[in-house]
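Student: Below is target_31.tsv; it holds TSV, C-alpha atoms.
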chain	number	residue	atom	x	y	z
Y	1	MET	CA	-18.55	46.49	93.59
Y	2	THR	CA	-19.39	47.55	90.05
Y	3	ILE	CA	-20.46	45.00	87.49
Y	4	LYS	CA	-20.85	45.85	83.83
Y	5	ARG	CA	-24.14	45.27	82.18
Y	6	TYR	CA	-24.17	42.53	79.56
Y	7	TYR	CA	-26.84	43.01	76.95
Y	8	ARG	CA	-26.67	42.35	73.23
Y	9	PRO	CA	-29.75	43.70	71.43
Y	10	GLU	CA	-28.87	41.82	68.25
Y	11	LEU	CA	-29.70	38.61	70.09
Y	12	ASP	CA	-33.21	39.93	70.68
Y	13	VAL	CA	-33.42	40.38	66.92
Y	14	LEU	CA	-32.29	36.78	66.53
Y	15	ARG	CA	-34.99	35.70	68.97
Y	16	PHE	CA	-37.61	37.38	66.82
Y	17	ILE	CA	-36.22	35.77	63.67
Y	18	ALA	CA	-36.32	32.37	65.38
Y	19	PHE	CA	-39.92	32.98	66.40
Y	20	MET	CA	-40.92	34.04	62.89
Y	21	ILE	CA	-39.62	30.91	61.24
Y	22	VAL	CA	-41.41	28.81	63.88
Y	23	PHE	CA	-44.53	30.89	63.24
Y	24	ILE	CA	-44.27	30.06	59.52
Y	25	VAL	CA	-43.95	26.32	60.00
Y	26	HIS	CA	-46.81	26.14	62.50
Y	27	ARG	CA	-49.06	27.83	59.95
Y	28	MET	CA	-48.88	24.52	58.10
Y	29	ASP	CA	-50.76	22.88	60.99
Y	30	PHE	CA	-53.82	24.83	59.84
Y	31	ILE	CA	-53.05	25.56	56.18
Y	32	PRO	CA	-51.30	22.46	54.79
Y	33	ILE	CA	-49.07	22.77	51.76
Y	34	ASP	CA	-49.18	19.91	49.27
Y	35	PRO	CA	-45.54	18.82	48.78
Y	36	ALA	CA	-46.43	17.23	45.44
Y	37	GLN	CA	-47.67	20.53	44.00
Y	38	HIS	CA	-45.38	22.93	45.90
Y	39	TYR	CA	-42.28	20.88	46.66
Y	40	TRP	CA	-39.83	23.68	47.39
Y	41	LEU	CA	-42.31	25.90	49.21
Y	42	TYR	CA	-43.24	22.98	51.44
Y	43	ASN	CA	-39.63	22.12	52.24
Y	44	ILE	CA	-38.59	25.73	52.83
Y	45	CYS	CA	-41.49	26.27	55.23
Y	46	LEU	CA	-40.56	23.03	56.97
Y	47	LEU	CA	-37.23	24.62	57.96
Y	48	GLY	CA	-39.16	26.65	60.53
Y	49	ASP	CA	-38.83	23.77	62.97
Y	50	PHE	CA	-35.13	24.62	63.24
Y	51	GLY	CA	-36.02	27.90	64.89
Y	52	VAL	CA	-36.31	25.95	68.14
Y	53	PRO	CA	-32.61	24.90	68.09
Y	54	VAL	CA	-31.78	28.59	67.55
Y	55	PHE	CA	-33.59	29.38	70.80
Y	56	PHE	CA	-31.74	26.55	72.54
Y	57	LEU	CA	-28.27	27.59	71.37
Y	58	LEU	CA	-28.92	31.26	72.09
Y	59	SER	CA	-30.22	30.54	75.61
Y	60	ALA	CA	-27.25	28.34	76.44
Y	61	PHE	CA	-24.80	30.95	75.18
Y	62	LEU	CA	-26.32	33.73	77.29
Y	63	ILE	CA	-26.74	31.65	80.44
Y	64	THR	CA	-23.15	30.39	80.26
Y	65	GLU	CA	-21.87	33.88	79.56
Y	66	LEU	CA	-23.71	35.38	82.52
Y	67	LEU	CA	-22.78	32.55	84.90
Y	68	PHE	CA	-19.06	32.82	84.25
Y	69	ARG	CA	-19.13	36.61	84.28
Y	70	GLU	CA	-20.77	36.32	87.69
Y	71	SER	CA	-18.14	33.82	88.80
Y	72	ASP	CA	-15.26	35.98	87.52
Y	73	GLU	CA	-16.63	39.17	89.11
Y	74	THR	CA	-17.73	37.81	92.49
Y	75	GLY	CA	-15.69	34.63	92.85
Y	76	ALA	CA	-18.77	32.41	93.11
Y	77	ILE	CA	-21.97	31.31	91.45
Y	78	GLN	CA	-25.06	32.15	93.48
Y	79	PHE	CA	-27.39	29.17	93.02
Y	80	LYS	CA	-30.36	30.76	94.77
Y	81	SER	CA	-30.11	33.89	92.64
Y	82	PHE	CA	-29.76	31.89	89.42
Y	83	TYR	CA	-32.76	29.66	90.07
Y	84	MET	CA	-34.90	32.57	91.26
Y	85	ARG	CA	-34.11	34.48	88.08
Y	86	ARG	CA	-35.12	31.54	85.94
Y	87	ILE	CA	-38.27	30.86	87.97
Y	88	LEU	CA	-39.43	34.47	87.81
Y	89	ARG	CA	-38.77	34.68	84.07
Y	90	ILE	CA	-40.17	31.33	82.95
Y	91	TRP	CA	-42.72	29.99	85.42
Y	92	PRO	CA	-45.39	32.73	85.67
Y	93	LEU	CA	-46.24	32.84	81.98
Y	94	TYR	CA	-45.62	29.14	81.40
Y	95	PHE	CA	-48.07	28.02	84.07
Y	96	LEU	CA	-50.59	30.70	83.15
Y	97	VAL	CA	-50.61	29.47	79.55
Y	98	PHE	CA	-50.57	25.74	80.31
Y	99	TYR	CA	-53.29	25.74	82.94
Y	100	GLY	CA	-55.19	28.46	81.13
Y	101	LEU	CA	-55.36	26.07	78.17
Y	102	VAL	CA	-56.46	23.23	80.48
Y	103	LEU	CA	-59.34	25.41	81.67
Y	104	LEU	CA	-60.16	26.66	78.16
Y	105	ASN	CA	-60.29	23.07	76.93
Y	106	ARG	CA	-63.42	22.53	79.05
Y	107	PHE	CA	-65.23	25.09	76.89
Y	108	LEU	CA	-63.29	24.88	73.63
Y	109	PRO	CA	-62.12	21.32	72.86
Y	110	TYR	CA	-58.61	20.67	71.50
Y	111	THR	CA	-57.06	23.74	73.06
Y	112	GLY	CA	-55.55	22.14	76.17
Y	113	ALA	CA	-54.31	18.87	77.63
Y	114	LYS	CA	-57.04	16.58	79.04
Y	115	ASP	CA	-55.06	13.83	80.75
Y	116	PRO	CA	-54.20	14.68	84.39
Y	117	ALA	CA	-51.00	12.64	84.03
Y	118	SER	CA	-49.89	15.00	81.29
Y	119	TRP	CA	-50.67	17.94	83.60
Y	120	LEU	CA	-48.22	16.47	86.11
Y	121	ALA	CA	-45.59	15.92	83.42
Y	122	PHE	CA	-45.78	19.50	82.16
Y	123	THR	CA	-45.88	20.83	85.72
Y	124	LEU	CA	-42.62	19.03	86.45
Y	125	PHE	CA	-41.13	20.23	83.15
Y	126	ALA	CA	-41.12	16.73	81.74
Y	127	GLY	CA	-43.66	17.56	79.05
Y	128	ASN	CA	-41.28	16.63	76.28
Y	129	TRP	CA	-40.80	13.17	77.80
Y	130	TRP	CA	-44.58	12.77	77.98
Y	131	ILE	CA	-44.73	13.50	74.27
Y	132	CYS	CA	-41.86	11.07	73.63
Y	133	LEU	CA	-43.89	8.32	75.30
Y	134	HIS	CA	-47.40	9.21	74.13
Y	135	SER	CA	-47.01	11.24	70.92
Y	136	TRP	CA	-48.15	14.83	70.45
Y	137	ILE	CA	-51.01	16.06	72.59
Y	138	PRO	CA	-54.07	16.44	70.34
Y	139	ALA	CA	-54.18	20.18	71.02
Y	140	TYR	CA	-51.96	22.38	68.89
Y	141	PRO	CA	-51.76	25.27	71.43
Y	142	VAL	CA	-50.06	22.99	73.99
Y	143	ASP	CA	-47.42	21.36	71.83
Y	144	PRO	CA	-44.90	24.27	71.70
Y	145	LEU	CA	-44.52	24.00	75.47
Y	146	TRP	CA	-42.40	20.85	75.09
Y	147	SER	CA	-39.36	23.00	74.37
Y	148	ILE	CA	-39.77	24.88	77.68
Y	149	SER	CA	-39.36	21.55	79.47
Y	150	VAL	CA	-36.08	20.92	77.64
Y	151	GLU	CA	-34.82	24.40	78.51
Y	152	GLU	CA	-35.72	23.98	82.18
Y	153	GLN	CA	-33.80	20.70	82.29
Y	154	PHE	CA	-30.76	22.58	81.02
Y	155	TYR	CA	-31.26	25.38	83.54
Y	156	ILE	CA	-31.32	22.90	86.41
Y	157	ALA	CA	-27.99	21.38	85.41
Y	158	ILE	CA	-25.83	24.20	84.05
Y	159	PRO	CA	-25.08	26.13	87.30
Y	160	LEU	CA	-24.11	22.90	89.05
Y	161	ILE	CA	-21.77	21.91	86.22
Y	162	ALA	CA	-20.29	25.41	86.11
Y	163	PHE	CA	-19.80	25.51	89.89
Y	164	PHE	CA	-18.17	22.11	90.31
Y	165	GLY	CA	-16.45	21.76	86.95
Y	166	ARG	CA	-15.69	25.37	86.02
Y	167	ARG	CA	-15.00	26.03	82.36
Y	168	LEU	CA	-13.14	22.77	81.85
Y	169	GLY	CA	-16.01	20.77	83.28
Y	170	VAL	CA	-18.56	22.59	81.13
Y	171	LYS	CA	-16.44	21.90	78.04
Y	172	ALA	CA	-16.16	18.21	78.90
Y	173	VAL	CA	-19.87	17.78	79.62
Y	174	SER	CA	-20.80	19.71	76.46
Y	175	LEU	CA	-18.63	17.51	74.27
Y	176	LEU	CA	-20.06	14.42	75.96
Y	177	LEU	CA	-23.60	15.63	75.31
Y	178	ILE	CA	-22.83	16.20	71.63
Y	179	ALA	CA	-21.47	12.64	71.41
Y	180	VAL	CA	-24.60	11.28	73.13
Y	181	SER	CA	-26.84	13.27	70.78
Y	182	TYR	CA	-25.20	11.84	67.69
Y	183	GLY	CA	-25.20	8.35	69.11
Y	184	LEU	CA	-28.93	8.68	69.69
Y	185	VAL	CA	-29.75	9.95	66.21
Y	186	VAL	CA	-27.95	6.92	64.79
Y	187	VAL	CA	-30.00	4.64	67.07
Y	188	TYR	CA	-33.20	6.33	65.89
Y	189	ALA	CA	-32.12	5.84	62.28
Y	190	LEU	CA	-31.32	2.15	62.86
Y	191	HIS	CA	-34.68	1.57	64.55
Y	192	PRO	CA	-37.17	3.86	62.80
Y	193	PRO	CA	-40.54	3.92	64.56
Y	194	ASN	CA	-43.71	2.94	62.82
Y	195	GLY	CA	-45.49	6.28	63.01
Y	196	PHE	CA	-44.62	8.95	65.56
Y	197	SER	CA	-40.91	9.49	66.25
Y	198	SER	CA	-39.78	10.84	69.62
Y	199	GLN	CA	-36.46	11.98	68.16
Y	200	TRP	CA	-37.36	15.68	67.92
Y	201	THR	CA	-38.63	15.99	71.50
Y	202	ASN	CA	-35.89	13.87	73.08
Y	203	SER	CA	-33.86	16.11	75.40
Y	204	PHE	CA	-30.60	14.31	74.69
Y	205	VAL	CA	-30.96	14.88	70.95
Y	206	GLN	CA	-31.63	18.59	71.47
Y	207	PHE	CA	-28.88	19.01	74.09
Y	208	GLN	CA	-26.36	19.27	71.25
Y	209	PHE	CA	-27.57	22.84	70.68
Y	210	PHE	CA	-27.22	23.77	74.34
Y	211	ALA	CA	-23.76	22.24	74.30
Y	212	ALA	CA	-22.83	24.29	71.25
Y	213	GLY	CA	-24.06	27.47	72.93
Y	214	THR	CA	-22.00	26.85	76.05
Y	215	LEU	CA	-18.90	26.06	74.01
Y	216	LEU	CA	-19.29	29.22	71.92
Y	217	SER	CA	-19.50	31.29	75.09
Y	218	ILE	CA	-16.38	29.69	76.55
Y	219	TYR	CA	-14.25	29.85	73.41
Y	220	LEU	CA	-15.28	33.35	72.35
Y	221	LYS	CA	-14.35	34.70	75.82
Y	222	GLY	CA	-16.55	37.74	75.43
Y	223	ARG	CA	-15.42	38.53	71.89
Y	224	VAL	CA	-17.90	38.94	69.04
Y	225	PRO	CA	-17.38	38.48	65.29
Y	226	GLN	CA	-16.35	41.70	63.57
Y	227	TRP	CA	-17.71	40.69	60.21
Y	228	HIS	CA	-18.64	42.86	57.25
Y	229	PRO	CA	-22.43	42.99	56.67
Y	230	ALA	CA	-22.00	41.14	53.37
Y	231	LEU	CA	-20.22	38.32	55.19
Y	232	ARG	CA	-22.97	38.25	57.81
Y	233	LEU	CA	-25.61	37.93	55.09
Y	234	LEU	CA	-23.60	35.15	53.49
Y	235	GLY	CA	-23.40	33.42	56.87
Y	236	VAL	CA	-27.18	33.54	57.34
Y	237	LEU	CA	-27.81	32.26	53.81
Y	238	SER	CA	-25.23	29.51	54.29
Y	239	GLY	CA	-26.89	28.53	57.56
Y	240	LEU	CA	-30.27	28.29	55.86
Y	241	GLY	CA	-28.63	26.28	53.11
Y	242	CYS	CA	-27.26	23.84	55.68
Y	243	TRP	CA	-30.75	23.41	57.09
Y	244	LEU	CA	-32.26	22.84	53.66
Y	245	VAL	CA	-29.72	20.19	52.73
Y	246	ALA	CA	-30.14	18.52	56.12
Y	247	SER	CA	-33.90	18.36	55.68
Y	248	VAL	CA	-34.21	17.50	51.99
Y	249	ALA	CA	-31.12	15.39	51.34
Y	250	PHE	CA	-30.51	13.83	54.77
Y	251	GLY	CA	-34.05	13.45	56.10
Y	252	VAL	CA	-33.74	15.48	59.32
Y	253	GLN	CA	-37.28	16.62	60.05
Y	254	ALA	CA	-39.25	17.19	63.22
Y	255	ASP	CA	-42.33	15.06	62.55
Y	256	THR	CA	-41.24	12.72	59.76
Y	257	PRO	CA	-37.50	11.97	60.06
Y	258	HIS	CA	-36.33	9.52	57.46
Y	259	SER	CA	-32.55	9.36	57.73
Y	260	THR	CA	-30.40	6.28	57.31
Y	261	ALA	CA	-27.73	5.51	59.89
Y	262	MET	CA	-25.16	7.13	57.60
Y	263	GLN	CA	-27.30	10.16	56.86
Y	264	ALA	CA	-28.46	10.94	60.40
Y	265	PRO	CA	-25.20	12.24	61.95
Y	266	ILE	CA	-24.33	14.21	58.80
Y	267	GLY	CA	-27.81	15.73	58.64
Y	268	TRP	CA	-27.85	16.73	62.30
Y	269	ALA	CA	-24.32	18.12	62.00
Y	270	LEU	CA	-25.60	20.31	59.16
Y	271	VAL	CA	-28.48	21.52	61.35
Y	272	LEU	CA	-26.01	22.33	64.12
Y	273	ALA	CA	-23.62	24.06	61.69
Y	274	GLY	CA	-26.46	26.08	60.18
Y	275	THR	CA	-27.74	27.13	63.59
Y	276	THR	CA	-24.23	28.16	64.68
Y	277	LEU	CA	-23.64	30.10	61.46
Y	278	ILE	CA	-26.87	32.03	61.82
Y	279	PHE	CA	-26.09	32.80	65.46
Y	280	LEU	CA	-22.55	34.02	64.73
Y	281	SER	CA	-23.78	36.07	61.78
Y	282	LEU	CA	-26.04	38.09	64.11
Y	283	LEU	CA	-23.72	38.19	67.13
Y	284	GLY	CA	-21.89	41.52	67.15
Y	285	PHE	CA	-24.14	43.15	64.56
Y	286	PRO	CA	-23.91	46.94	65.18
Y	287	SER	CA	-26.82	47.94	67.39
Y	288	LYS	CA	-27.30	51.30	65.62
Y	289	TYR	CA	-28.62	49.42	62.58
Y	290	LEU	CA	-31.14	47.37	64.54
Y	291	PRO	CA	-34.77	48.52	64.24
Y	292	ARG	CA	-36.06	49.15	67.74
Y	293	PRO	CA	-39.50	47.61	67.07
Y	294	ILE	CA	-37.79	44.35	66.04
Y	295	VAL	CA	-35.59	44.43	69.15
Y	296	TYR	CA	-38.73	44.85	71.25
Y	297	LEU	CA	-40.49	41.98	69.47
Y	298	GLY	CA	-37.47	39.83	70.30
Y	299	ARG	CA	-37.76	40.92	73.90
Y	300	ILE	CA	-41.34	39.64	74.07
Y	301	SER	CA	-40.58	36.53	71.97
Y	302	TYR	CA	-41.31	34.25	74.93
Y	303	GLY	CA	-44.93	35.37	74.88
Y	304	LEU	CA	-45.04	35.31	71.08
Y	305	TYR	CA	-43.89	31.69	71.16
Y	306	LEU	CA	-46.34	30.56	73.86
Y	307	PHE	CA	-49.40	32.29	72.41
Y	308	HIS	CA	-49.07	31.91	68.64
Y	309	GLU	CA	-50.52	28.40	68.24
Y	310	LEU	CA	-53.57	29.34	70.30
Y	311	VAL	CA	-54.13	32.40	68.11
Y	312	TYR	CA	-53.77	30.28	64.97
Y	313	PHE	CA	-56.31	27.83	66.40
Y	314	LEU	CA	-58.80	30.57	67.25
Y	315	ILE	CA	-58.59	32.11	63.77
Y	316	PHE	CA	-58.30	29.12	61.45
Y	317	SER	CA	-60.25	26.52	63.44
Y	318	THR	CA	-62.74	28.10	65.80
Y	319	GLY	CA	-63.08	31.27	63.73
Y	320	ARG	CA	-62.95	29.84	60.22
Y	321	VAL	CA	-66.59	30.76	59.47
Y	322	TRP	CA	-66.06	34.31	60.70
Y	323	LEU	CA	-62.84	34.56	58.68
Y	324	THR	CA	-64.62	33.43	55.53
Y	325	ARG	CA	-67.36	36.01	56.04
Y	326	LEU	CA	-64.75	38.72	56.59
Y	327	THR	CA	-62.91	37.92	53.39
Y	328	HIS	CA	-66.21	37.99	51.46
Y	329	ALA	CA	-67.15	41.31	53.03
Y	330	LEU	CA	-63.77	42.77	52.05
Y	331	HIS	CA	-63.93	41.19	48.57
Y	332	LEU	CA	-60.74	39.26	49.39
Y	333	VAL	CA	-62.03	35.74	48.92
Y	334	GLY	CA	-58.80	34.52	47.37
Y	335	TRP	CA	-56.78	36.03	50.20
Y	336	ARG	CA	-58.45	34.17	53.06
Y	337	ASN	CA	-55.31	32.38	54.22
Y	338	GLY	CA	-53.11	35.43	53.84
Y	339	LEU	CA	-55.53	37.65	55.73
Y	340	GLY	CA	-55.89	35.03	58.45
Y	341	THR	CA	-52.11	34.77	58.81
Y	342	ALA	CA	-51.74	38.55	59.05
Y	343	LEU	CA	-54.48	38.67	61.69
Y	344	ALA	CA	-52.83	35.81	63.58
Y	345	PHE	CA	-49.50	37.64	63.63
Y	346	CYS	CA	-51.03	40.94	64.76
Y	347	LEU	CA	-53.15	39.30	67.46
Y	348	THR	CA	-50.16	37.27	68.67
Y	349	VAL	CA	-48.06	40.44	68.96
Y	350	LEU	CA	-50.89	42.26	70.76
Y	351	THR	CA	-51.38	39.39	73.20
Y	352	ALA	CA	-47.64	39.01	73.91
Y	353	HIS	CA	-47.24	42.78	74.32
Y	354	THR	CA	-50.13	42.95	76.78
Y	355	SER	CA	-48.81	39.95	78.68
Y	356	TYR	CA	-45.31	41.43	78.88
Y	357	GLN	CA	-46.43	44.87	80.02
Y	358	MET	CA	-49.20	43.90	82.42
Y	359	TYR	CA	-48.32	40.41	83.67
Y	360	GLU	CA	-44.63	39.59	83.16
Y	361	LYS	CA	-43.04	42.91	84.12
Y	362	PRO	CA	-43.87	42.71	87.85
Y	363	PHE	CA	-42.07	39.35	87.97
Y	364	LEU	CA	-39.14	40.83	86.03
Y	365	ARG	CA	-38.86	43.60	88.59
Y	366	LEU	CA	-38.66	40.94	91.30
Y	367	LYS	CA	-36.10	39.12	89.17
Y	368	ALA	CA	-33.86	42.19	89.27
Y	369	ARG	CA	-33.40	41.67	93.02
Y	370	PHE	CA	-31.55	38.44	92.26
Y	371	THR	CA	-29.52	39.81	89.34
Y	372	ILE	CA	-25.73	39.71	89.65
Y	373	VAL	CA	-24.75	40.58	86.07
Y	374	PRO	CA	-27.49	42.91	84.79
Y	375	SER	CA	-28.96	42.69	81.31
Y	376	ARG	CA	-31.68	44.57	79.45
Y	377	ASP	CA	-33.83	46.78	81.70
Y	378	GLU	CA	-33.98	44.33	84.58
Y	379	SER	CA	-31.24	46.13	86.48
Y	380	ARG	CA	-32.86	49.57	86.59
Y	381	GLY	CA	-33.11	50.87	90.10
Y	382	ILE	CA	-30.23	48.79	91.44
Y	383	SER	CA	-27.83	51.48	92.54
Y	384	ARG	CA	-25.00	49.18	93.58
Y	385	LEU	CA	-24.37	48.19	89.95
Y	386	LEU	CA	-22.68	50.24	87.27
Y	387	ILE	CA	-24.77	49.74	84.14
Y	388	VAL	CA	-22.60	49.80	81.05
Y	389	GLY	CA	-24.59	48.99	77.95
Y	390	ASN	CA	-23.31	48.07	74.52
Y	391	GLU	CA	-26.14	49.67	72.57
Please lay out the structure from this file as structure tokens.
Tutor:
Amino acid sequence: MTIKRYYRPELDVLRFIAFMIVFIVHRMDFIPIDPAQHYWLYNICLLGDFGVPVFFLLSAFLITELLFRESDETGAIQFKSFYMRRILRIWPLYFLVFYGLVLLNRFLPYTGAKDPASWLAFTLFAGNWWICLHSWIPAYPVDPLWSISVEEQFYIAIPLIAFFGRRLGVKAVSLLLIAVSYGLVVVYALHPPNGFSSQWTNSFVQFQFFAAGTLLSIYLKGRVPQWHPALRLLGVLSGLGCWLVASVAFGVQADTPHSTAMQAPIGWALVLAGTTLIFLSLLGFPSKYLPRPIVYLGRISYGLYLFHELVYFLIFSTGRVWLTRLTHALHLVGWRNGLGTALAFCLTVLTAHTSYQMYEKPFLRLKARFTIVPSRDESRGISRLLIVGNE
């Protein structure tokens, strides 16, 4: 049997873009921006939170695409192979980072989770629900891991839905999840919490983006938009515009949502529309125009995402005295924050690159043994598959 390779390098570029906007917003954890003095800069940077829904939608699209390609080619969905692929891709680095931070916290406070109950929650990929119940963990490097819990919950369910319900069942469940998401955001708006809001980390609120990704995969049926570059640029700008309106005019924000019951569904619909527009604007972008270094950075975006808050913490919190001395030595006193951000980005890339090459790749080679529809380089060495790339 020959199975065509399915790999779209433009989606790696999108992964890197999603990481970068998350990277920008998390900079504000260490270098706050005064919204009174810099209103638009503050609100534009705040849009970085919506990079996480991009990851969600993109992951759901690819997983659904690969599952149904596997089903169409082989007549079945191999549960063991699917779960082993996800385990080998996600678990090694996730647990290394989480428990590495727990250990580091003993020597460097506020880098890892202290409560053993939270260890159990994150081990069982219920970290987002822990945060929903107890607020953010007082350790910035840990907090990004909540989204991995949400993704793992999706990964557990999607092959079962696809197997038993086929495409019709996936459509029905996706539409139901979107309805549940919008019902919940209205409930949150009707009963605003006094302080921390669990809306952002609630799986059922975020499942709307997974649902959108699955529906896009099903309705596109393998096709990609054949848009002119100018139209693609317009789509990206329109998507960002949707996000900005949702955040500023309708109060959809990760940490401080302030929507009314009328505003909430409109605002979240704008976030979903913006995310979809940005995704479609990149999908099908000619690979010959994609810079290879950016494609590679998208490939290692998992590590970039897991490590970046720790690097920020080490530079702007633990290393703030050293950073100040460096800027004085270089006569760049007024560029302290900019230099620190550049160092954080470079160190994050170096750490993620090292992790990918020396730690993750052996697991990816094992993952290839369970691959049915090959993608990226994972299929190299599997002679029974015909690798047909789209690069």
Student: For Gly251 of chain Y, please output as a VMD selection string all residues within 12 Å (counting all atoms listed in the file; exclusion window: fewer than 2 positions along the same chain).
Tutor: chain Y and resid 43 46 to 47 185 189 243 to 249 253 to 268 270 to 271
Student: Which of these residues is nearest to Val22 of chain Y, using all atoms listed in the file: Y:Thr275, Y:Val252, Y:Pro144, Y:Ser217?
Tutor: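 Comparing Y:Thr275, Y:Val252, Y:Pro144, Y:Ser217 against Val22 of chain Y, the winner is Y:Pro144.
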Student: Go ahead and compute the interatomic distance for atom CA of Tyr110 of chain Y and atom CA of Pro138 of chain Y, in Å to one decimal.
Tutor: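 Separation between atom CA of Tyr110 of chain Y and atom CA of Pro138 of chain Y: 6.3 Å.
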Student: Neighbouring residues of Gly340 of chain Y were defined as those with any atom within 12 Å, considering all atoms listed in the file; residues of the same chain fewer than 5 positions away were excluded. Please report them as a PyMOL selection string.
Tutor: chain Y and resi 27+30-31+311-317+319-327+332-335+345-348
Student: If we count all atoms listed in the file and set the cut-off at 10 Å, which residues sit around Thr276 of chain Y, ignoring sequence neighbours fewer than 6 positions away in its own chain? Please answer as an NGL selection string.
Tutor: :Y and (53-54 or 57-58 or 209 or 212-213 or 216 or 235-236 or 239 or 270)
Student: Just checking: using all atoms listed in the file, which residue out of Y:Ala329, Y:Met20, Y:Leu66, Y:Ile218 ends up closest to Tyr7 of chain Y?
Tutor: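 Among Y:Ala329, Y:Met20, Y:Leu66, Y:Ile218, it is Y:Leu66 that comes nearest to Tyr7 of chain Y.
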Student: How many Å separate atom CA of Ala60 of chain Y from atom CA of Phe154 of chain Y?
Tutor: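 Value for the atom CA of Ala60 of chain Y-atom CA of Phe154 of chain Y distance: 8.2 Å.
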Student: His353 of chain Y: which residues within 10 Å, counting all atoms listed in the file, same-chain residues fewer than 3 positions away excluded, as an MDAnalysis selection string?
Tutor: chainID Y and resid 296:297 299:301 303:304 347:350 356:360
Student: Need the shell around segment 98-105 of chain Y: protein/DNA/RNA residues with any atom at most 9 Å away, counting only C-alpha atoms. Skip same-chain ones fewer than 2 positions apart. Format as a PDB file with C-alpha atoms, in the frame of the given file?
Tutor:
ATOM      1  CA  LEU Y  93     -46.240  32.840  81.980  1.00  0.00           C
ATOM      2  CA  TYR Y  94     -45.620  29.140  81.400  1.00  0.00           C
ATOM      3  CA  PHE Y  95     -48.070  28.020  84.070  1.00  0.00           C
ATOM      4  CA  LEU Y  96     -50.590  30.700  83.150  1.00  0.00           C
ATOM      5  CA  PHE Y 107     -65.230  25.090  76.890  1.00  0.00           C
ATOM      6  CA  LEU Y 108     -63.290  24.880  73.630  1.00  0.00           C
ATOM      7  CA  PRO Y 109     -62.120  21.320  72.860  1.00  0.00           C
ATOM      8  CA  TYR Y 110     -58.610  20.670  71.500  1.00  0.00           C
ATOM      9  CA  THR Y 111     -57.060  23.740  73.060  1.00  0.00           C
ATOM     10  CA  GLY Y 112     -55.550  22.140  76.170  1.00  0.00           C
ATOM     11  CA  ALA Y 113     -54.310  18.870  77.630  1.00  0.00           C
ATOM     12  CA  LYS Y 114     -57.040  16.580  79.040  1.00  0.00           C
ATOM     13  CA  TRP Y 119     -50.670  17.940  83.600  1.00  0.00           C
ATOM     14  CA  PHE Y 122     -45.780  19.500  82.160  1.00  0.00           C
ATOM     15  CA  THR Y 123     -45.880  20.830  85.720  1.00  0.00           C
ATOM     16  CA  ALA Y 139     -54.180  20.180  71.020  1.00  0.00           C
ATOM     17  CA  PRO Y 141     -51.760  25.270  71.430  1.00  0.00           C
ATOM     18  CA  VAL Y 142     -50.060  22.990  73.990  1.00  0.00           C
ATOM     19  CA  LEU Y 145     -44.520  24.000  75.470  1.00  0.00           C
ATOM     20  CA  LEU Y 310     -53.570  29.340  70.300  1.00  0.00           C
TER      21      LEU Y 310
END
Student: Show me the residues close to (-20.9, 33.8, 62.8) - anything with an atom within 10 Å, counting all atoms listed in the file - and format the list as a short mmCIF file (atom, residue, chain, number, x, y, z; two decimals) with C-alpha atoms, keeping the file's coordinate frame.
Tutor:
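Written file, point.cif:
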data_model
loop_
_atom_site.label_atom_id
_atom_site.label_comp_id
_atom_site.auth_asym_id
_atom_site.auth_seq_id
_atom_site.Cartn_x
_atom_site.Cartn_y
_atom_site.Cartn_z
CA VAL Y 224 -17.90 38.94 69.04
CA PRO Y 225 -17.38 38.48 65.29
CA GLN Y 226 -16.35 41.70 63.57
CA TRP Y 227 -17.71 40.69 60.21
CA LEU Y 231 -20.22 38.32 55.19
CA ARG Y 232 -22.97 38.25 57.81
CA LEU Y 233 -25.61 37.93 55.09
CA LEU Y 234 -23.60 35.15 53.49
CA GLY Y 235 -23.40 33.42 56.87
CA VAL Y 236 -27.18 33.54 57.34
CA GLY Y 239 -26.89 28.53 57.56
CA GLY Y 274 -26.46 26.08 60.18
CA THR Y 275 -27.74 27.13 63.59
CA THR Y 276 -24.23 28.16 64.68
CA LEU Y 277 -23.64 30.10 61.46
CA ILE Y 278 -26.87 32.03 61.82
CA PHE Y 279 -26.09 32.80 65.46
CA LEU Y 280 -22.55 34.02 64.73
CA SER Y 281 -23.78 36.07 61.78
CA LEU Y 282 -26.04 38.09 64.11
CA LEU Y 283 -23.72 38.19 67.13
CA GLY Y 284 -21.89 41.52 67.15
#
Student: So what do you get for atom CA of Ala18 of chain Y versus atom CA of Gly51 of chain Y, distance-wise?
Tutor: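 Computing the Euclidean distance for atom CA of Ala18 of chain Y and atom CA of Gly51 of chain Y yields 4.5 Å.
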Student: For a quick check of understanding, using only C-alpha atoms, which of Y:Thr351, Y:Ser287, Y:Gln78, Y:Gln153 has the smallest distance to Phe370 of chain Y?
Tutor: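 Residue with the minimum atom-to-atom distance to Phe370 of chain Y: Y:Gln78.
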Student: Which one is closest to Leu88 of chain Y: Y:Leu366, Y:Ile158, Y:Val173, Y:Leu190? Count only C-alpha atoms.
Tutor: Y:Leu366
Student: Have a look at Y:Ala172, Y:Ala117, Y:Ala230, Y:Leu124 and name the one nearest to Trp91 of chain Y; count all atoms listed in the file.
Tutor: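 Under the stated criterion, the closest residue is Y:Leu124.
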